[in-house]
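Novice: Sharing a structure, written as structure tokens. Questions coming.
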Amino acid sequence: MTQTVPVPQGLPMERTAGPFDPPREITALRDVRPVSPLAFPDGHEGWLVTGYDAVRQLMADTRFSSRQDLDVTHVPFETPGMPVQTEPSPQMPGVFIAMDPPDHTRLRRKLTGAFTVKRMKLLEEQIIEISERQLDELAKLTPPVDLVKEFALPVPSLVICELLGVPYEDRANFQANSQQFLVKDQSLQEKMGALGALMGYLGELVTRKRAEPGDDILSDLARHEDLTIEELTGAAFLLLLAGHETTANMLALGTFALLEHPEQLAELRADLDLLPDAVEELMRYLSVVDINYRYATEDIELGGETIPKGSTVVVSLLAANHDPKRFENPDTLDIHRKARGQMAFGHGIHQCLGQQLARIEMRAGFAGLLRRFPGLKLAVPAADVPLRTDMNIYGVHELPITW
């Protein structure tokens with residue numbers, strides 16, 4: 001029998017327990033009702049899914065649609081006092097993360113070959129070189145320095161620019177617009193302004209790629225004549241945004257977490273062979289991409305509840321990755337943990353296409369940082385590190401370090 005718990009009014013996101021722990025309200029809800037009703041600001045009642053088993057089942061079930069154009073409340077938690085969007089967002093061509101089969105299948109299949117484990121392994125030496133060059137630049141600076149600006153953001157930006165064929169000299173433009181696009185509390189006009197600037201830039205880029213293709217992923221895509229310029233632009237937007245923002249935040253927040261767990265840091269520094277497991281554990285523990293949205297296309301049974309057709313469903317990957325029914329002592333960072341099955345990269349048909357690339361970047365970044373800066377420490381009190389609680393991808397805005 002389901003326990004009676006209050007229906008949350010809006011999504012509780014405040015991390016009162018600390019910078020690395022899930023919001024207490026969400027974990028309390030998960031422990032008593034892992035699939036629970038959720039009240040949206042416009043009065044619509046949706047659902048919040050927080051338990052590991054239920055999240056995994058939901059994300060593997062394509063009856064839970066990813067299409068935002070079906071759902072009028074897919075981004076329901078905006079600035080307090082702002083009107084809630086009451087019209088569906090139009091589907092953006094090429095942004096296959098917000099599509100269902102067969103459209104999702106058609107687009108993703110064209111990219112699968114570019115991100116195979118084998119191809120990523122071949123890129124590993126190149127990624128290590130990029131990381132080491134950036135560490136050379138970091139070592140020339142006089143501390144304190146901001147790790148985000150000088151290392152965590154440049155490394156994945158350099159890698160994804162090289163892979164996609166995006167000129168790195170354009171990074172200030174696309175990084176600024178990417179950041180603005182991910183701000184939670186902003187007007188629709190501000191968000192669409194950042195999106196428009198990104199799409200305009202990438203539209204021109206993929207048009208050039210189609211006319212004069214090179215040796216990069218966007219050129220490979222542009223060779224597919226059945227893809228429109230609009231679809232190419234949307235795919236480029238998704239790959240560029242996901243390809244640098246997520247890994248940048250994992251490198252910075254992961255370093256912060258290790259510095260706040262000095263025993264774990266010392267063990268990892270003493271044995272870098274632990275890095276593959278440590279990266280999986282950091283992904284599980286931090287889950288920087290937390291909230292996903294789905295839309296029930298029919299009545300669906302999930303976790304002992306019936307999700308009615310037409311419901312908006314909010315999924316917390318962070319809560320699932322901290323579920324004690326799946327991971328022992330889940331709120332403890334343990335670099336020795338075998339965190340297989342962690343869902344920071346998602347699950348099902350929308351599981352992150354670039355997950356192997358992200359793993360290689362994190363292993364290279366953490367290994368170089370720990371090896372070359374044995375005296376690495378925070379340059380400010382941990383409480384003064386500015387957290388990205390205002391952003392749709394969690395992390396730190398800055399990480400002042402010294403050595």
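For the structure tokens, the naming scheme is as follows: chains receive sequential letters (A, B, ...) according to their order of presentation, residues are indexed from 1 within each chain, and ligands are indexed from 1 in presentation order.
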Against range 346-359 of chain A, which residues of range 287-341 of chain A fall within 12 Å? For each one I want the closest pair of atoms and the distance in Å (one decimal), counting only C-alpha atoms, rows by chain and increasing residue number, as a tab-separated table.
Specialist:
residue	atom	partner	partner_atom	distance
A:Ser287	CA	A:Gly346	CA	9.9
A:Val288	CA	A:Gly346	CA	11.4
A:Val289	CA	A:Gly346	CA	9.0
A:Asp290	CA	A:Gly346	CA	9.5
A:Ile291	CA	A:Gly346	CA	10.3
A:Asn292	CA	A:Gly346	CA	9.0
A:Tyr293	CA	A:Gly346	CA	11.8
A:Arg294	CA	A:His350	CA	11.6
A:Val315	CA	A:Gly346	CA	10.4
A:Ser316	CA	A:Gly346	CA	10.4
A:Leu317	CA	A:Gly346	CA	7.5
A:Leu318	CA	A:Gly346	CA	10.6
A:Ala320	CA	A:Gly346	CA	10.7
A:Asn321	CA	A:Gly346	CA	10.6
A:Gly341	CA	A:His347	CA	9.2
Novice: Please report, as JSON, numbers by chain, each residue of range 151-304 of chain A to which DSSP assigns strand (DSSP E) when run on this structure's backbone.
Specialist: {"A": [291, 292, 293, 294, 295, 296, 300, 301, 302]}
Novice: Just to be explicit: take each residue in the selection above, keep N, CA, C and O atoms, and write the result as an mmCIF file, in the first residue's frame.
Specialist:
data_model
loop_
_atom_site.group_PDB
_atom_site.id
_atom_site.type_symbol
_atom_site.label_atom_id
_atom_site.label_comp_id
_atom_site.auth_asym_id
_atom_site.auth_seq_id
_atom_site.Cartn_x
_atom_site.Cartn_y
_atom_site.Cartn_z
ATOM 1 N N ILE A 291 17.564 16.486 -14.083
ATOM 2 C CA ILE A 291 16.138 16.418 -14.390
ATOM 3 C C ILE A 291 15.888 16.121 -15.865
ATOM 4 O O ILE A 291 16.449 16.763 -16.748
ATOM 5 N N ASN A 292 15.057 15.126 -16.114
ATOM 6 C CA ASN A 292 14.577 14.802 -17.455
ATOM 7 C C ASN A 292 13.050 14.874 -17.452
ATOM 8 O O ASN A 292 12.411 14.672 -16.409
ATOM 9 N N TYR A 293 12.475 15.143 -18.620
ATOM 10 C CA TYR A 293 11.019 15.215 -18.752
ATOM 11 C C TYR A 293 10.533 14.169 -19.754
ATOM 12 O O TYR A 293 11.162 13.939 -20.788
ATOM 13 N N ARG A 294 9.415 13.548 -19.434
ATOM 14 C CA ARG A 294 8.759 12.639 -20.348
ATOM 15 C C ARG A 294 7.253 12.937 -20.352
ATOM 16 O O ARG A 294 6.742 13.625 -19.465
ATOM 17 N N TYR A 295 6.545 12.392 -21.343
ATOM 18 C CA TYR A 295 5.117 12.637 -21.529
ATOM 19 C C TYR A 295 4.448 11.295 -21.794
ATOM 20 O O TYR A 295 4.835 10.574 -22.724
ATOM 21 N N ALA A 296 3.481 10.921 -20.954
ATOM 22 C CA ALA A 296 2.821 9.615 -21.090
ATOM 23 C C ALA A 296 1.851 9.625 -22.265
ATOM 24 O O ALA A 296 0.907 10.404 -22.288
ATOM 25 N N ILE A 300 -0.036 4.162 -18.166
ATOM 26 C CA ILE A 300 1.107 3.254 -17.988
ATOM 27 C C ILE A 300 1.272 2.950 -16.500
ATOM 28 O O ILE A 300 1.286 3.861 -15.665
ATOM 29 N N GLU A 301 1.445 1.668 -16.169
ATOM 30 C CA GLU A 301 1.727 1.261 -14.795
ATOM 31 C C GLU A 301 3.217 1.429 -14.521
ATOM 32 O O GLU A 301 4.057 0.971 -15.306
ATOM 33 N N LEU A 302 3.541 2.093 -13.414
ATOM 34 C CA LEU A 302 4.944 2.317 -13.063
ATOM 35 C C LEU A 302 5.064 2.380 -11.542
ATOM 36 O O LEU A 302 4.419 3.213 -10.903
#
Novice: Between CA of Leu135 in chain A and CA of Ala266 in chain A, measure the distance and give it in Å to one decimal.
Specialist: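 One can read the CA of Leu135 in chain A to CA of Ala266 in chain A distance as 19.9 Å.
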Novice: Excluding Phe327 in chain A and its own-chain neighbours fewer than 3 positions away, which residues fall within 10 Å of it when counting only C-alpha atoms? Please give them as number ranges by chain.
Specialist: A: 52, 284, 320-324, 330-332, 337-342
Novice: Between CA of His244 in chain A and CA of Ile160 in chain A, what is the distance in Å, rounded to a tenth?
Specialist: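 Going from CA of His244 in chain A over to CA of Ile160 in chain A covers 6.6 Å.
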Novice: Pick from A:Arg67, A:Lys118, A:Arg363, A:Lys140: nearest to His104 in chain A, with only C-alpha atoms counted?
Specialist: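 That would be A:Arg67, the residue with the smallest distance to His104 in chain A.
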